[in-house]
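Student: Before I ask anything, here is the structure I am working with.
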Amino acid sequence: MIGEKSSALFDLSGKNVLVAGGAGQIGFSFCEILADAGARVAIADIDTQMAQDKTARLPDMLRKRIGIYQTDVTDDQSVKTTLAQVRSDLGVLYGLVNSFHYKGNTRRLDTTSNFFAPFESYPLEAWELVHDVNLKGTFLMCREAVPYFKENSGGVIVNLSSTYGNVSPNKSIYGDSGINSPVAYASSKAAIINLTRYLATHLCEYNIRANVLSPGGVFNNQKEDFLRNYTALTPLKRMATAGDYQGAILFLLSDASRYMTGANLVVDGGWTAW
Ligand SMILES: NC(=O)c1ccc[n+]([C@@H]2O[C@H](COP(=O)([O-])OP(=O)(O)OC[C@H]3O[C@@H](n4cnc5c(N)ncnc54)[C@H](O)[C@@H]3O)[C@@H](O)[C@H]2O)c1
């Protein structure tokens, strides 16, 4: 049986955590483990249908701890409205997770933006849209959350980067899969790491911690060629499951990481180790 000390370290009972992008593959898996640790979770996502569908499949105990808020993280008014609504529904804010990214296939833009275009012909429109969601969205969520954290006498921020915010994507793994990892993803994900250091050093006076989680690729029915190439370059010899990041998010949001701020936790099966 788990001891009192170790379970207390990870306990989030009664704490309110907003997960922006919480309807996503990794994002929703965060919501599940945070609710399991006792938190009240507010999913802020542009795709509320996906959030509802996933939440409906949860056992009662977890489902009743999760609320859903329609939010566009690129729109400051929408971000303000969500935070105010969460404050009024749940009370003071303890945690914020920014777990969204622009993929080129959301309703905001169809594939004409050419999200996957090569560097030489990368369209400005796609560059701007990707940075708008990934970087501006993270900035806005963090900026607007500060007053609510102050009200709580502190708080915890976790921003999602990626292996590709730490190292360049390896072009050789994509072959003719029809996908790649575009320049705008890499640059916006790298910027999130230093934005987070900035937050850690400028918000420490309010007892707000800010860290980055940098995941590696999650298995999502990618083509066989891609899987083989990705796996060959991963010391742990597989892609991640979304659940592989639950331990990390619990650590970063809980007292277990209370002496950690401005850091970048890389959880990537060893991808960046060589
Ligand atoms: N899945 C991976 O392989 C992987 C690898 C490394 C890093 N990451 C990072 O992890 C985080 C979570 O990834 P995921 O796999 O859950 O992604 P996902 O694509 O499954 O989900 C992204 C979520 O963001 C939401 N979103 C997009 N634009 C939005 C907007 N303007 N306003 C509000 N919500 C918006 C989407 O509706 C979706 O629910 C992202 O930051 C991603 O870059 C993912």
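Going by the structure tokens order, chains are called A, B, ..., each with residues numbered from 1, while ligands are numbered from 1 in the order shown.
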Could you tell me, as JSON, numbers by chain, which residues of range 84-254 of chain A DSSP assigns to strand (DSSP E) when given the backbone?
Tutor: {"A": [95, 96, 97, 98, 155, 156, 157, 158, 159, 160, 208, 209, 210, 211, 212, 213, 214, 215]}
Student: Determine, counting only C-alpha atoms, which protein, DNA and RNA residues have an atom within 7 Å of an atom of range 246-258 of chain A; residues of the same chain fewer than 4 positions away are not included. Present the result as a list of chain:residue names.
Tutor: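 The neighbour list is A:Leu9, A:Phe10, A:Asp11, A:Leu12, A:Ser29, A:Phe30, A:Ile33, A:Leu34, A:Gly95, A:Val156.
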Student: Neighbours of ligand 1 at 6 Å or closer, counting only C-alpha atoms and all ligand atoms: which residues, as a PyMOL selection string?
Tutor: chain A and resi 21-27+45-47+71-74+99-102+133+160-162+215-218
Student: Find the residues near Gln70 in chain A: any atom within 12 Å, counting only C-alpha atoms, skip ones fewer than 2 places away on the same chain, and give them as a ChimeraX atom specification.
Tutor: /A:19-23,42-52,67-68,72-73,75,77-83,85-86
Student: What lies within 9 Å of range 53-56 of chain A using only C-alpha atoms, ignoring chain neighbours under 6 positions off, as a list in words?
Tutor: Ala23, Phe28, Glu32, Leu62, Arg63, Ile66 and Gly67 of chain A
Student: Could you save those same residues with C-alpha atoms as a PDB file, in the first residue's frame?
Tutor:
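Saved as out_10.pdb:
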ATOM      1  CA  ALA A  23      -9.655  17.780 -25.494  1.00  0.00           C
ATOM      2  CA  PHE A  28      -7.234  14.690 -22.231  1.00  0.00           C
ATOM      3  CA  GLU A  32      -7.891  12.126 -16.485  1.00  0.00           C
ATOM      4  CA  LEU A  62     -13.723  11.465 -12.809  1.00  0.00           C
ATOM      5  CA  ARG A  63     -16.442  12.914 -15.045  1.00  0.00           C
ATOM      6  CA  ILE A  66     -14.277  17.905 -15.237  1.00  0.00           C
ATOM      7  CA  GLY A  67     -15.936  20.986 -16.764  1.00  0.00           C
TER       8      GLY A  67
END
Student: Which neighbours of range 221-235 of chain A fall inside 12 Å, counting only C-alpha atoms, when residues of the same chain fewer than 3 positions from it are skipped, and could you give them as an MDAnalysis selection string?
Tutor: chainID A and resid 163 169:180 216:218 238:241 267:274
Student: Keeping only C-alpha atoms, write the selected residues to a file as a PDB file, in the first residue's frame.
Tutor:
ATOM      1  CA  THR A 163      11.368  17.294 -28.695  1.00  0.00           C
ATOM      2  CA  PRO A 169      13.157  17.528 -36.578  1.00  0.00           C
ATOM      3  CA  ASN A 170      15.017  14.750 -38.362  1.00  0.00           C
ATOM      4  CA  LYS A 171      13.888  15.028 -41.977  1.00  0.00           C
ATOM      5  CA  SER A 172      14.900  11.467 -42.807  1.00  0.00           C
ATOM      6  CA  ILE A 173      12.104   9.802 -40.820  1.00  0.00           C
ATOM      7  CA  TYR A 174       9.192  11.146 -42.860  1.00  0.00           C
ATOM      8  CA  GLY A 175       9.862   9.509 -46.252  1.00  0.00           C
ATOM      9  CA  ASP A 176       6.722   9.727 -48.406  1.00  0.00           C
ATOM     10  CA  SER A 177       4.351   9.646 -45.416  1.00  0.00           C
ATOM     11  CA  GLY A 178       2.797  12.960 -46.491  1.00  0.00           C
ATOM     12  CA  ILE A 179       3.703  14.532 -43.152  1.00  0.00           C
ATOM     13  CA  ASN A 180       6.776  16.233 -41.784  1.00  0.00           C
ATOM     14  CA  GLY A 216       8.236  12.925 -27.782  1.00  0.00           C
ATOM     15  CA  GLY A 217       5.902  11.600 -30.488  1.00  0.00           C
ATOM     16  CA  VAL A 218       2.710   9.773 -29.559  1.00  0.00           C
ATOM     17  CA  ARG A 238       8.630   2.702 -29.401  1.00  0.00           C
ATOM     18  CA  MET A 239       6.507   5.788 -29.800  1.00  0.00           C
ATOM     19  CA  ALA A 240       4.798   7.107 -26.677  1.00  0.00           C
ATOM     20  CA  THR A 241       1.244   6.572 -25.552  1.00  0.00           C
ATOM     21  CA  VAL A 267      10.130  12.845 -21.647  1.00  0.00           C
ATOM     22  CA  ASP A 268      10.877  11.396 -25.063  1.00  0.00           C
ATOM     23  CA  GLY A 269      11.988   7.770 -24.804  1.00  0.00           C
ATOM     24  CA  GLY A 270      15.553   9.030 -25.230  1.00  0.00           C
ATOM     25  CA  TRP A 271      15.013  10.667 -28.647  1.00  0.00           C
ATOM     26  CA  THR A 272      17.193  13.675 -27.766  1.00  0.00           C
ATOM     27  CA  ALA A 273      19.858  11.632 -25.956  1.00  0.00           C
ATOM     28  CA  TRP A 274      21.960  11.171 -29.105  1.00  0.00           C
TER      29      TRP A 274
END
